[in-house]
$ cat work_14.cif   # mmCIF, C-alpha atoms and all ligand atoms
data_query
loop_
_atom_site.label_atom_id
_atom_site.label_comp_id
_atom_site.auth_asym_id
_atom_site.auth_seq_id
_atom_site.Cartn_x
_atom_site.Cartn_y
_atom_site.Cartn_z
CA MET A 1 3.75 1.44 -7.90
CA LEU A 2 1.69 4.28 -6.46
CA SER A 3 0.34 5.18 -9.88
CA ALA A 4 -0.39 1.56 -10.90
CA ASP A 5 -3.77 1.26 -12.58
CA GLY A 6 -5.86 -1.45 -14.26
CA ALA A 7 -4.02 -4.76 -14.67
CA SER A 8 -0.82 -3.46 -13.07
CA ARG A 9 -2.81 -2.43 -10.00
CA GLU A 10 -4.16 -5.97 -9.74
CA THR A 11 -0.60 -7.31 -9.99
CA LEU A 12 0.51 -4.92 -7.25
CA PHE A 13 -2.30 -6.11 -4.94
CA ALA A 14 -1.59 -9.77 -5.70
CA ASN A 15 2.10 -9.29 -4.94
CA ALA A 16 1.36 -7.47 -1.69
CA ARG A 17 -1.02 -10.17 -0.63
CA GLU A 18 1.53 -12.86 -1.37
CA VAL A 19 4.20 -11.00 0.63
CA LYS A 20 1.77 -10.75 3.52
CA THR A 21 0.80 -14.42 3.44
CA ASN A 22 4.43 -15.52 3.27
CA THR A 23 5.54 -13.21 6.09
CA ILE A 24 2.78 -12.82 8.65
CA GLY A 25 0.19 -15.28 7.34
CA ASN A 26 -3.45 -14.83 6.46
CA LYS A 27 -4.87 -13.79 9.82
CA VAL A 28 -6.84 -10.64 10.48
CA HIS A 29 -6.93 -9.17 14.00
CA PHE A 30 -9.67 -6.96 15.42
CA ARG A 31 -9.13 -3.93 17.65
CA GLY A 32 -12.24 -2.48 19.24
CA LEU A 33 -12.04 1.28 18.70
CA ILE A 34 -13.33 3.43 21.58
CA GLU A 35 -13.46 7.14 20.75
CA PHE A 36 -13.78 8.08 24.39
CA SER A 37 -13.64 11.89 24.09
CA ASN A 38 -13.85 14.44 21.28
CA VAL A 39 -12.46 17.28 23.38
CA CYS A 40 -9.35 18.54 21.60
CA ALA A 41 -6.95 21.41 22.18
CA LYS A 42 -5.93 21.56 18.52
CA ASN A 43 -7.19 23.10 15.33
CA CYS A 44 -5.95 20.94 12.46
CA PHE A 45 -7.43 22.51 9.29
CA TYR A 46 -8.87 19.21 7.98
CA CYS A 47 -10.53 17.79 11.08
CA GLY A 48 -14.24 17.95 11.91
CA ILE A 49 -13.68 17.93 15.69
CA ARG A 50 -11.09 20.73 15.75
CA LYS A 51 -11.39 23.00 18.76
CA GLN A 52 -12.84 25.94 16.85
CA ASN A 53 -15.70 23.93 15.36
CA LYS A 54 -18.44 25.17 17.64
CA GLN A 55 -21.07 22.97 15.95
CA VAL A 56 -19.68 19.92 17.70
CA GLN A 57 -21.22 18.76 20.93
CA ARG A 58 -18.27 17.90 23.15
CA TYR A 59 -18.31 14.71 25.23
CA SER A 60 -16.22 12.54 27.46
CA ALA A 61 -17.54 9.02 27.95
CA THR A 62 -17.74 7.95 31.58
CA ASP A 63 -15.40 5.32 33.01
CA ASP A 64 -18.32 2.88 33.20
CA GLU A 65 -19.22 3.42 29.55
CA ILE A 66 -15.63 2.84 28.52
CA LEU A 67 -15.29 -0.27 30.66
CA ASP A 68 -18.58 -1.60 29.26
CA ALA A 69 -17.20 -1.17 25.74
CA CYS A 70 -14.13 -3.14 26.84
CA ARG A 71 -16.34 -5.92 28.17
CA PHE A 72 -18.07 -5.97 24.77
CA ALA A 73 -14.65 -6.37 23.12
CA LEU A 74 -13.80 -9.21 25.50
CA ASP A 75 -17.14 -10.96 24.91
CA HIS A 76 -16.61 -10.75 21.17
CA GLU A 77 -13.02 -11.98 21.45
CA PHE A 78 -11.47 -8.90 19.87
CA GLY A 79 -8.20 -9.37 21.74
CA SER A 80 -7.41 -5.64 21.91
CA VAL A 81 -8.95 -2.21 22.26
CA VAL A 82 -7.83 1.19 21.02
CA LEU A 83 -8.53 4.19 23.26
CA GLN A 84 -8.69 7.24 21.01
CA SER A 85 -9.45 10.88 21.83
CA GLY A 86 -8.71 14.43 20.89
CA GLU A 87 -5.39 15.79 22.11
CA LEU A 88 -5.20 17.06 25.69
CA SER A 89 -2.26 17.23 28.06
CA SER A 90 -3.84 18.43 31.31
CA LYS A 91 -2.88 16.66 34.51
CA SER A 92 -6.41 15.37 34.95
CA PHE A 93 -6.50 13.89 31.44
CA VAL A 94 -3.15 12.17 31.89
CA LYS A 95 -4.28 10.74 35.20
CA ARG A 96 -7.61 9.62 33.78
CA VAL A 97 -6.07 7.69 30.89
CA GLU A 98 -3.59 6.07 33.26
CA LYS A 99 -6.41 4.96 35.55
CA LEU A 100 -8.51 3.69 32.64
CA VAL A 101 -5.65 1.58 31.32
CA ARG A 102 -5.19 0.00 34.76
CA GLN A 103 -8.92 -0.67 35.07
CA ILE A 104 -9.09 -2.30 31.62
CA LYS A 105 -6.13 -4.51 32.48
CA GLN A 106 -7.82 -5.46 35.70
CA LEU A 107 -11.24 -6.21 34.27
CA SER A 108 -9.72 -8.46 31.62
CA SER A 109 -7.13 -10.09 33.94
CA GLY A 110 -4.50 -8.66 31.65
CA THR A 111 -5.89 -10.36 28.55
CA LEU A 112 -7.03 -7.29 26.55
CA GLY A 113 -4.25 -5.60 24.63
CA ILE A 114 -4.40 -1.79 24.82
CA THR A 115 -3.43 0.71 22.14
CA LEU A 116 -3.54 4.43 22.91
CA SER A 117 -4.16 7.18 20.38
CA CYS A 118 -4.36 10.42 22.36
CA GLY A 119 -1.96 12.73 20.57
CA GLU A 120 1.46 14.17 21.37
CA GLN A 121 2.57 13.66 24.97
CA SER A 122 5.58 14.34 27.18
CA ALA A 123 8.17 11.69 28.03
CA GLU A 124 6.77 11.47 31.54
CA THR A 125 3.22 10.89 30.31
CA CYS A 126 4.40 8.28 27.80
CA LYS A 127 6.19 6.47 30.61
CA ARG A 128 3.19 6.58 32.95
CA TRP A 129 0.80 5.26 30.31
CA PHE A 130 3.21 2.55 29.22
CA GLU A 131 3.86 1.42 32.78
CA SER A 132 0.14 1.28 33.49
CA GLY A 133 -0.18 -1.40 30.79
CA ALA A 134 -0.74 0.14 27.33
CA HIS A 135 1.70 -1.39 24.90
CA ARG A 136 0.97 0.21 21.53
CA TYR A 137 0.53 3.85 20.48
CA LEU A 138 -0.81 5.42 17.30
CA LEU A 139 0.28 8.93 16.34
CA ARG A 140 -0.20 9.79 12.70
CA ILE A 141 2.30 12.23 11.24
CA GLU A 142 -0.36 13.11 8.61
CA THR A 143 2.36 13.87 6.02
CA SER A 144 6.15 13.57 6.02
CA ASN A 145 6.50 16.79 4.01
CA PRO A 146 7.10 19.67 6.48
CA GLU A 147 5.85 22.24 3.98
CA LEU A 148 2.60 20.38 3.34
CA TYR A 149 2.26 19.86 7.11
CA SER A 150 2.42 23.61 7.63
CA GLN A 151 -0.25 24.14 4.95
CA ILE A 152 -2.75 21.86 6.66
CA HIS A 153 -2.14 23.07 10.23
CA PRO A 154 -2.12 26.47 11.94
CA ASN A 155 1.32 28.00 12.20
CA ASN A 156 2.00 27.80 15.95
CA ALA A 157 3.87 25.80 18.58
CA ILE A 158 1.18 23.18 19.22
CA HIS A 159 0.98 22.35 15.50
CA SER A 160 4.68 22.00 14.78
CA PHE A 161 5.98 19.30 12.44
CA ALA A 162 9.28 19.02 14.35
CA THR A 163 7.44 18.60 17.66
CA ARG A 164 5.26 15.88 16.20
CA ILE A 165 8.22 13.92 14.87
CA ALA A 166 9.94 14.26 18.26
CA ALA A 167 6.75 12.98 19.94
CA LEU A 168 6.77 9.97 17.62
CA TYR A 169 10.34 8.99 18.52
CA ARG A 170 9.61 9.54 22.21
CA LEU A 171 6.91 6.86 21.99
CA LYS A 172 9.36 4.43 20.49
CA GLU A 173 11.97 5.17 23.16
CA THR A 174 9.34 4.55 25.84
CA GLY A 175 8.91 1.02 24.54
CA PHE A 176 5.56 1.25 22.75
CA GLN A 177 4.91 -0.63 19.56
CA LEU A 178 4.83 2.37 17.32
CA GLY A 179 2.09 3.17 14.84
CA THR A 180 1.81 6.14 12.54
CA GLY A 181 0.16 7.07 9.27
CA VAL A 182 -0.80 9.75 6.80
CA MET A 183 -3.80 11.04 4.90
CA ILE A 184 -3.95 10.35 1.20
CA GLY A 185 -5.31 12.77 -1.39
CA LEU A 186 -4.77 15.98 0.58
CA PRO A 187 -4.89 19.23 -1.36
CA PHE A 188 -1.39 20.14 -2.65
CA GLN A 189 -0.11 16.58 -2.01
CA THR A 190 1.89 14.90 -4.78
CA LEU A 191 2.70 11.26 -5.51
CA GLU A 192 6.27 12.07 -4.55
CA ASP A 193 5.05 13.21 -1.12
CA LEU A 194 3.29 9.88 -0.69
CA ALA A 195 6.37 7.94 -1.80
CA ASN A 196 8.37 9.92 0.76
CA ASP A 197 5.76 9.06 3.41
CA LEU A 198 6.43 5.36 2.82
CA LEU A 199 10.18 5.91 2.97
CA PHE A 200 9.71 7.84 6.21
CA PHE A 201 7.85 4.84 7.71
CA LYS A 202 10.72 2.58 6.73
CA GLN A 203 13.35 4.92 8.11
CA ALA A 204 11.42 5.49 11.37
CA ASP A 205 11.15 1.69 11.59
CA ILE A 206 7.49 1.74 12.58
CA ASP A 207 5.61 -1.35 13.78
CA MET A 208 2.10 -0.39 12.68
CA CYS A 209 0.45 1.86 10.14
CA GLY A 210 -3.01 3.28 9.65
CA MET A 211 -3.57 5.48 6.64
CA GLY A 212 -6.61 6.43 4.69
CA PRO A 213 -8.06 8.86 2.19
CA TYR A 214 -8.53 12.48 3.21
CA ILE A 215 -12.26 13.24 3.15
CA GLU A 216 -13.40 16.84 3.34
CA HIS A 217 -15.55 18.13 6.19
CA GLU A 218 -17.72 21.19 5.60
CA ASN A 219 -17.02 22.92 8.92
CA THR A 220 -13.27 23.05 8.44
CA PRO A 221 -10.95 25.62 6.83
CA MET A 222 -9.73 23.07 4.30
CA TYR A 223 -13.22 22.65 2.83
CA LYS A 224 -12.50 25.64 0.59
CA PHE A 225 -10.06 23.49 -1.41
CA ARG A 226 -12.67 20.80 -2.15
CA ASN A 227 -12.66 21.59 -5.86
CA GLN A 228 -8.95 20.90 -6.09
CA LEU A 229 -9.21 17.34 -4.77
CA MET A 230 -9.09 14.21 -6.87
CA PRO A 231 -12.39 12.29 -7.04
CA LEU A 232 -13.18 10.20 -3.94
CA GLU A 233 -12.88 6.98 -5.93
CA SER A 234 -9.33 7.93 -6.99
CA ARG A 235 -8.37 8.78 -3.41
CA PHE A 236 -9.71 5.38 -2.39
CA LEU A 237 -7.71 3.51 -5.03
CA LEU A 238 -4.57 5.52 -4.27
CA ALA A 239 -4.95 4.59 -0.60
CA LEU A 240 -5.10 0.91 -1.60
CA ASN A 241 -1.95 1.36 -3.70
CA MET A 242 -0.27 2.90 -0.63
CA VAL A 243 -1.29 -0.08 1.52
CA ALA A 244 -0.02 -2.59 -1.04
CA THR A 245 3.28 -0.76 -1.59
CA LEU A 246 3.89 -0.43 2.15
CA ARG A 247 3.25 -4.15 2.61
CA ILE A 248 5.96 -4.90 0.05
CA LEU A 249 8.33 -2.35 1.63
CA MET A 250 7.72 -3.47 5.24
CA PRO A 251 6.46 -7.07 5.05
CA ASP A 252 6.11 -7.82 8.78
CA ILE A 253 4.37 -4.70 10.17
CA ASN A 254 0.69 -4.41 11.08
CA ILE A 255 -1.34 -2.39 8.57
CA ALA A 256 -4.89 -1.29 9.37
CA ALA A 257 -7.76 -1.20 6.91
CA SER A 258 -8.85 2.33 7.86
CA THR A 259 -12.39 3.46 8.60
CA ALA A 260 -12.08 6.25 6.01
CA LEU A 261 -11.78 3.55 3.31
CA GLN A 262 -15.08 2.11 4.44
CA ALA A 263 -16.61 5.59 4.31
CA ILE A 264 -16.02 5.66 0.55
CA ASP A 265 -16.75 2.02 -0.27
CA PRO A 266 -18.79 -0.26 2.03
CA ALA A 267 -16.46 -3.12 1.06
CA GLY A 268 -13.39 -0.88 1.52
CA ARG A 269 -11.99 -2.77 4.47
CA GLU A 270 -12.14 -6.15 2.76
CA LYS A 271 -10.50 -4.61 -0.31
CA ALA A 272 -7.69 -3.26 1.87
CA LEU A 273 -7.18 -6.73 3.39
CA ALA A 274 -6.86 -8.13 -0.13
CA ALA A 275 -4.25 -5.43 -0.89
CA GLY A 276 -2.07 -6.24 2.13
CA ALA A 277 -3.72 -4.90 5.32
CA ASN A 278 -4.19 -7.25 8.32
CA ILE A 279 -5.95 -5.20 11.03
CA ILE A 280 -9.59 -4.07 11.35
CA MET A 281 -10.80 -1.62 13.97
CA PRO A 282 -14.54 -2.05 14.50
CA ASN A 283 -16.03 0.99 16.19
CA ILE A 284 -17.35 0.11 19.66
CA THR A 285 -17.78 3.69 20.90
CA PRO A 286 -21.03 4.04 22.90
CA LYS A 287 -23.64 4.79 20.27
CA LYS A 288 -24.86 8.07 21.71
CA TYR A 289 -21.45 9.65 21.07
CA ARG A 290 -20.84 8.42 17.53
CA ASN A 291 -22.37 11.41 15.77
CA SER A 292 -20.10 13.71 17.74
CA TYR A 293 -16.87 12.10 16.50
CA LEU A 294 -17.25 13.04 12.88
CA LEU A 295 -13.74 13.73 11.61
CA TYR A 296 -14.99 13.90 8.02
CA ASN A 297 -18.18 13.74 5.95
CA GLY A 298 -19.96 10.41 5.71
CA LYS A 299 -18.02 8.70 8.50
CA PRO A 300 -19.70 5.29 8.88
CA CYS A 301 -21.07 4.72 12.34
CA THR A 302 -24.53 3.32 12.57
CA ASN A 303 -24.62 -0.18 11.11
CA GLU A 304 -21.58 -1.59 12.74
CA ASP A 305 -23.13 -2.68 16.06
CA ALA A 306 -25.62 -4.96 14.43
CA GLU A 307 -22.92 -6.24 12.15
CA ILE A 308 -20.59 -7.08 15.02
CA THR A 309 -23.27 -8.53 17.26
CA SER A 310 -24.62 -10.80 14.55
CA ARG A 311 -21.04 -11.75 13.67
CA SER A 312 -21.71 -10.80 10.08
CA LEU A 313 -18.53 -8.72 10.05
CA ALA A 314 -16.53 -11.86 10.89
CA GLN A 315 -18.47 -13.85 8.30
CA LYS A 316 -17.79 -11.29 5.58
CA ILE A 317 -14.10 -11.38 6.33
CA GLN A 318 -13.98 -15.16 6.42
CA GLN A 319 -15.92 -15.34 3.17
CA ALA A 320 -13.34 -13.05 1.59
CA GLY A 321 -10.78 -15.76 2.38
CA PHE A 322 -9.20 -14.55 5.63
CA GLU A 323 -8.83 -16.18 9.01
CA ILE A 324 -9.64 -14.19 12.17
CA GLY A 325 -7.32 -14.27 15.18
CA PHE A 326 -10.11 -14.28 17.78
CA GLY A 327 -8.94 -13.41 21.28
CA GLU A 328 -5.34 -12.85 20.19
CA TRP A 329 -3.35 -9.64 20.58
CA GLY A 330 -1.96 -9.91 17.08
CA ASP A 331 1.09 -7.84 17.93
CA SER A 332 3.27 -6.51 15.15
CA LYS A 333 5.66 -9.25 14.11
CA HIS A 334 8.06 -6.49 13.17
CA PHE A 335 8.32 -5.40 16.81
CA LYS A 336 9.02 -8.96 17.89
CA ASN A 337 11.53 -9.50 15.12
CA ASN A 338 13.37 -6.36 16.18
CA LYS A 339 13.33 -7.22 19.82
CA TYR A 340 14.65 -10.74 19.78
N1 LIG B 1 -10.25 12.96 6.50
C1 LIG B 1 -9.60 11.82 6.76
N2 LIG B 1 -8.95 11.57 7.90
C2 LIG B 1 -9.00 12.53 8.85
N3 LIG B 1 -8.44 12.60 10.07
C3 LIG B 1 -8.78 13.77 10.64
N4 LIG B 1 -9.54 14.48 9.80
C4 LIG B 1 -9.68 13.74 8.67
C5 LIG B 1 -10.33 13.94 7.44
N5 LIG B 1 -11.00 15.06 7.19
C6 LIG B 1 -7.56 11.55 10.59
C7 LIG B 1 -6.19 12.11 10.93
C8 LIG B 1 -6.05 11.85 12.41
C9 LIG B 1 -7.00 10.69 12.61
C10 LIG B 1 -7.49 10.51 13.99
O1 LIG B 1 -8.07 10.99 11.75
O2 LIG B 1 -5.19 11.39 10.20
O3 LIG B 1 -4.74 11.52 12.80
FE1 LIG B 2 -7.61 17.26 17.33
FE2 LIG B 2 -6.66 15.04 16.13
FE3 LIG B 2 -8.63 16.48 14.99
FE4 LIG B 2 -6.16 17.49 15.05
S1 LIG B 2 -6.82 15.60 13.93
S2 LIG B 2 -8.05 18.59 15.57
S3 LIG B 2 -5.43 16.73 17.04
S4 LIG B 2 -8.74 15.34 16.94
#
$ encode --input "work_14.cif" --output "structure tokens"
Amino acid sequence: MLSADGASRETLFANAREVKTNTIGNKVHFRGLIEFSNVCAKNCFYCGIRKQNKQVQRYSATDDEILDACRFALDHEFGSVVLQSGELSSKSFVKRVEKLVRQIKQLSSGTLGITLSCGEQSAETCKRWFESGAHRYLLRIETSNPELYSQIHPNNAIHSFATRIAALYRLKETGFQLGTGVMIGLPFQTLEDLANDLLFFKQADIDMCGMGPYIEHENTPMYKFRNQLMPLESRFLLALNMVATLRILMPDINIAASTALQAIDPAGREKALAAGANIIMPNITPKKYRNSYLLYNGKPCTNEDAEITSRSLAQKIQQAGFEIGFGEWGDSKHFKNNKY
């Protein structure tokens, strides 16, 4: 399925779409993505905002800016927001996120759903953030192959595969709806690795998934392998095959149409929806910070505001044949099915 091409690829997408429609329906849910800080303690070899990239101007959005972005999400009936940042574990960071979650709950009278994506955290931090009102968490494992993981990260305690997996299970034990994901088309990655990634998702019994093509960034150590990568277009299509196959493997989870897909093809998100995805994360980060959250080359960031404000994003999605769950949380049906 992962190597399906031509007519068999079309069949794969059609099957995935049918599975989706029959299981969770035809609705798409929006999550307003707020990249509230690019300060990060880590040095992942692939990432443009890694700590050692001194070209990046570091920022932390103010509470008011973040709350304004949440009001924007509310006004546009997005239903949920995602608070994403680099990975920090200082006391002040933990406290800040906790306070922000409470403030967002308060300003929306509890109506905005909150997803966190702030890296690996201790059991105590997970508990504090969950109890303050966040109910979903995204922590990508990047790859399920420990050897590949060690090739794309520094070899030290804060970049340990085992620690990351433990952090993932801790989130689940805390009670979060659990999201993870991988990058597709990494140097040294094989189709078998990707198949194992999907089997890992199934075995970890995840509720949500966000995965997208790896895109090289020039100020990163992994840029030196750029000549060994498959063409961008192939990475894009392989990512769609991954989405479709995962939909068939786990019919009732939430699958995001990732931003990296849109970076390669302007219609990438709609194509992912047609291949089985059901979640879109429009970027609502304050504009002045967007150019400082460049994880990879060509990350789209400028046109989206106008698109959202004029509702043309919604129109595009409706024209492609999908319904939008305005104002709804759109929780993972898988989580509900497991719970009750
Ligand atoms: N290409 C694609 N995705 C990337 N990420 C980080 N760097 C890149 C890149 N160069 C992804 C990682 C991370 C998420 C926030 O962004 O999967 O978990
Ligand atoms: Fe930091 Fe995440 Fe980038 Fe790694 S991928 S350097 S943890 S922001």
$ closest_atom_pairs --input "work_14.cif" --of "chain A" --to "ligand LIG 1 (chain B)" --cutoff "9 Å" --atoms "only C-alpha atoms and all ligand atoms" --output "JSON lines"
{"residue": "A:Cys44", "atom": "CA", "partner": "B:LIG1", "partner_atom": "N4", "distance": 7.9}
{"residue": "A:Phe45", "atom": "CA", "partner": "B:LIG1", "partner_atom": "N4", "distance": 8.3}
{"residue": "A:Tyr46", "atom": "CA", "partner": "B:LIG1", "partner_atom": "N5", "distance": 4.7}
{"residue": "A:Cys47", "atom": "CA", "partner": "B:LIG1", "partner_atom": "N4", "distance": 3.7}
{"residue": "A:Gly48", "atom": "CA", "partner": "B:LIG1", "partner_atom": "N4", "distance": 6.2}
{"residue": "A:Ile49", "atom": "CA", "partner": "B:LIG1", "partner_atom": "N4", "distance": 8.0}
{"residue": "A:Arg50", "atom": "CA", "partner": "B:LIG1", "partner_atom": "N4", "distance": 8.8}
{"residue": "A:Gln84", "atom": "CA", "partner": "B:LIG1", "partner_atom": "C10", "distance": 7.8}
{"residue": "A:Ser85", "atom": "CA", "partner": "B:LIG1", "partner_atom": "C10", "distance": 8.1}
{"residue": "A:Gly86", "atom": "CA", "partner": "B:LIG1", "partner_atom": "C10", "distance": 8.0}
{"residue": "A:Ser117", "atom": "CA", "partner": "B:LIG1", "partner_atom": "C10", "distance": 7.9}
{"residue": "A:Cys118", "atom": "CA", "partner": "B:LIG1", "partner_atom": "C10", "distance": 8.9}
{"residue": "A:Gly119", "atom": "CA", "partner": "B:LIG1", "partner_atom": "O3", "distance": 8.3}
{"residue": "A:Leu138", "atom": "CA", "partner": "B:LIG1", "partner_atom": "O3", "distance": 8.5}
{"residue": "A:Leu139", "atom": "CA", "partner": "B:LIG1", "partner_atom": "O3", "distance": 6.7}
{"residue": "A:Arg140", "atom": "CA", "partner": "B:LIG1", "partner_atom": "O3", "distance": 4.9}
{"residue": "A:Ile141", "atom": "CA", "partner": "B:LIG1", "partner_atom": "O3", "distance": 7.2}
{"residue": "A:Glu142", "atom": "CA", "partner": "B:LIG1", "partner_atom": "O2", "distance": 5.4}
{"residue": "A:Thr143", "atom": "CA", "partner": "B:LIG1", "partner_atom": "O2", "distance": 9.0}
{"residue": "A:Thr180", "atom": "CA", "partner": "B:LIG1", "partner_atom": "O3", "distance": 8.5}
{"residue": "A:Gly181", "atom": "CA", "partner": "B:LIG1", "partner_atom": "O2", "distance": 6.9}
{"residue": "A:Val182", "atom": "CA", "partner": "B:LIG1", "partner_atom": "O2", "distance": 5.8}
{"residue": "A:Met183", "atom": "CA", "partner": "B:LIG1", "partner_atom": "O2", "distance": 5.5}
{"residue": "A:Ile184", "atom": "CA", "partner": "B:LIG1", "partner_atom": "C1", "distance": 8.1}
{"residue": "A:Leu186", "atom": "CA", "partner": "B:LIG1", "partner_atom": "N1", "distance": 8.6}
{"residue": "A:Gly210", "atom": "CA", "partner": "B:LIG1", "partner_atom": "O2", "distance": 8.4}
{"residue": "A:Met211", "atom": "CA", "partner": "B:LIG1", "partner_atom": "O2", "distance": 7.1}
{"residue": "A:Gly212", "atom": "CA", "partner": "B:LIG1", "partner_atom": "N2", "distance": 6.5}
{"residue": "A:Pro213", "atom": "CA", "partner": "B:LIG1", "partner_atom": "C1", "distance": 5.7}
{"residue": "A:Tyr214", "atom": "CA", "partner": "B:LIG1", "partner_atom": "N1", "distance": 3.7}
{"residue": "A:Ile215", "atom": "CA", "partner": "B:LIG1", "partner_atom": "N1", "distance": 3.9}
{"residue": "A:Glu216", "atom": "CA", "partner": "B:LIG1", "partner_atom": "N5", "distance": 4.9}
{"residue": "A:His217", "atom": "CA", "partner": "B:LIG1", "partner_atom": "N5", "distance": 5.6}
{"residue": "A:Thr220", "atom": "CA", "partner": "B:LIG1", "partner_atom": "N5", "distance": 8.4}
{"residue": "A:Met222", "atom": "CA", "partner": "B:LIG1", "partner_atom": "N5", "distance": 8.6}
{"residue": "A:Thr259", "atom": "CA", "partner": "B:LIG1", "partner_atom": "N2", "distance": 8.8}
{"residue": "A:Ala260", "atom": "CA", "partner": "B:LIG1", "partner_atom": "C1", "distance": 6.1}
{"residue": "A:Leu294", "atom": "CA", "partner": "B:LIG1", "partner_atom": "N4", "distance": 8.4}
{"residue": "A:Leu295", "atom": "CA", "partner": "B:LIG1", "partner_atom": "N4", "distance": 4.6}
{"residue": "A:Tyr296", "atom": "CA", "partner": "B:LIG1", "partner_atom": "N5", "distance": 4.2}
{"residue": "A:Asn297", "atom": "CA", "partner": "B:LIG1", "partner_atom": "N5", "distance": 7.4}
$ atom_distance --input "work_14.cif" --atom1 "CA of Thr111 in chain A" --atom2 "CA of Arg96 in chain A"
20.7 Å
$ residues_around --input "work_14.cif" --residues "Thr285 in chain A" --least-positions-apart "5" --cutoff "8 Å" --atoms "all atoms listed in the file" --output "compact mmCIF listing (two decimals) with C-alpha atoms, in the frame of the given file"
# COMPACT_ATOMS: atom_id res chain seq x y z
CA LEU A 33 -12.04 1.28 18.70
CA ILE A 34 -13.33 3.43 21.58
CA GLU A 35 -13.46 7.14 20.75
CA PHE A 36 -13.78 8.08 24.39
CA ILE A 66 -15.63 2.84 28.52
CA ALA A 69 -17.20 -1.17 25.74
CA ARG A 290 -20.84 8.42 17.53
$ residues_around --input "work_14.cif" --residues "range 267-282 of chain A" --least-positions-apart "6" --cutoff "9 Å" --atoms "all atoms listed in the file" --output "PDB file with C-alpha atoms, keeping the file's coordinate frame"
ATOM      1  CA  GLU A  10      -4.160  -5.970  -9.740  1.00  0.00           C
ATOM      2  CA  LEU A  12       0.510  -4.920  -7.250  1.00  0.00           C
ATOM      3  CA  PHE A  13      -2.300  -6.110  -4.940  1.00  0.00           C
ATOM      4  CA  ALA A  14      -1.590  -9.770  -5.700  1.00  0.00           C
ATOM      5  CA  ASN A  15       2.100  -9.290  -4.940  1.00  0.00           C
ATOM      6  CA  ALA A  16       1.360  -7.470  -1.690  1.00  0.00           C
ATOM      7  CA  ARG A  17      -1.020 -10.170  -0.630  1.00  0.00           C
ATOM      8  CA  GLU A  18       1.530 -12.860  -1.370  1.00  0.00           C
ATOM      9  CA  VAL A  19       4.200 -11.000   0.630  1.00  0.00           C
ATOM     10  CA  LYS A  20       1.770 -10.750   3.520  1.00  0.00           C
ATOM     11  CA  THR A  21       0.800 -14.420   3.440  1.00  0.00           C
ATOM     12  CA  ILE A  24       2.780 -12.820   8.650  1.00  0.00           C
ATOM     13  CA  ASN A  26      -3.450 -14.830   6.460  1.00  0.00           C
ATOM     14  CA  LYS A  27      -4.870 -13.790   9.820  1.00  0.00           C
ATOM     15  CA  VAL A  28      -6.840 -10.640  10.480  1.00  0.00           C
ATOM     16  CA  HIS A  29      -6.930  -9.170  14.000  1.00  0.00           C
ATOM     17  CA  PHE A  30      -9.670  -6.960  15.420  1.00  0.00           C
ATOM     18  CA  ARG A  31      -9.130  -3.930  17.650  1.00  0.00           C
ATOM     19  CA  GLY A  32     -12.240  -2.480  19.240  1.00  0.00           C
ATOM     20  CA  LEU A  33     -12.040   1.280  18.700  1.00  0.00           C
ATOM     21  CA  VAL A  81      -8.950  -2.210  22.260  1.00  0.00           C
ATOM     22  CA  VAL A  82      -7.830   1.190  21.020  1.00  0.00           C
ATOM     23  CA  PHE A 236      -9.710   5.380  -2.390  1.00  0.00           C
ATOM     24  CA  ALA A 239      -4.950   4.590  -0.600  1.00  0.00           C
ATOM     25  CA  LEU A 240      -5.100   0.910  -1.600  1.00  0.00           C
ATOM     26  CA  ASN A 241      -1.950   1.360  -3.700  1.00  0.00           C
ATOM     27  CA  VAL A 243      -1.290  -0.080   1.520  1.00  0.00           C
ATOM     28  CA  ALA A 244      -0.020  -2.590  -1.040  1.00  0.00           C
ATOM     29  CA  THR A 245       3.280  -0.760  -1.590  1.00  0.00           C
ATOM     30  CA  LEU A 246       3.890  -0.430   2.150  1.00  0.00           C
ATOM     31  CA  ARG A 247       3.250  -4.150   2.610  1.00  0.00           C
ATOM     32  CA  ILE A 248       5.960  -4.900   0.050  1.00  0.00           C
ATOM     33  CA  ASN A 254       0.690  -4.410  11.080  1.00  0.00           C
ATOM     34  CA  ILE A 255      -1.340  -2.390   8.570  1.00  0.00           C
ATOM     35  CA  ALA A 256      -4.890  -1.290   9.370  1.00  0.00           C
ATOM     36  CA  ALA A 257      -7.760  -1.200   6.910  1.00  0.00           C
ATOM     37  CA  SER A 258      -8.850   2.330   7.860  1.00  0.00           C
ATOM     38  CA  THR A 259     -12.390   3.460   8.600  1.00  0.00           C
ATOM     39  CA  ALA A 260     -12.080   6.250   6.010  1.00  0.00           C
ATOM     40  CA  LEU A 261     -11.780   3.550   3.310  1.00  0.00           C
ATOM     41  CA  GLU A 304     -21.580  -1.590  12.740  1.00  0.00           C
ATOM     42  CA  ASP A 305     -23.130  -2.680  16.060  1.00  0.00           C
ATOM     43  CA  ILE A 308     -20.590  -7.080  15.020  1.00  0.00           C
ATOM     44  CA  LEU A 313     -18.530  -8.720  10.050  1.00  0.00           C
ATOM     45  CA  LYS A 316     -17.790 -11.290   5.580  1.00  0.00           C
ATOM     46  CA  ILE A 317     -14.100 -11.380   6.330  1.00  0.00           C
ATOM     47  CA  ALA A 320     -13.340 -13.050   1.590  1.00  0.00           C
ATOM     48  CA  GLY A 321     -10.780 -15.760   2.380  1.00  0.00           C
ATOM     49  CA  PHE A 322      -9.200 -14.550   5.630  1.00  0.00           C
ATOM     50  CA  GLY A 330      -1.960  -9.910  17.080  1.00  0.00           C
TER      51      GLY A 330
END
$ residues_around --input "work_14.cif" --residues "Ile165 in chain A" --least-positions-apart "2" --cutoff "10 Å" --atoms "all atoms listed in the file" --output "list in words"
Glu120, Leu139, Arg140, Ile141, Ser144, Ser160, Phe161, Ala162, Thr163, Ala167, Leu168, Tyr169, Arg170 and Ala204 of chain A
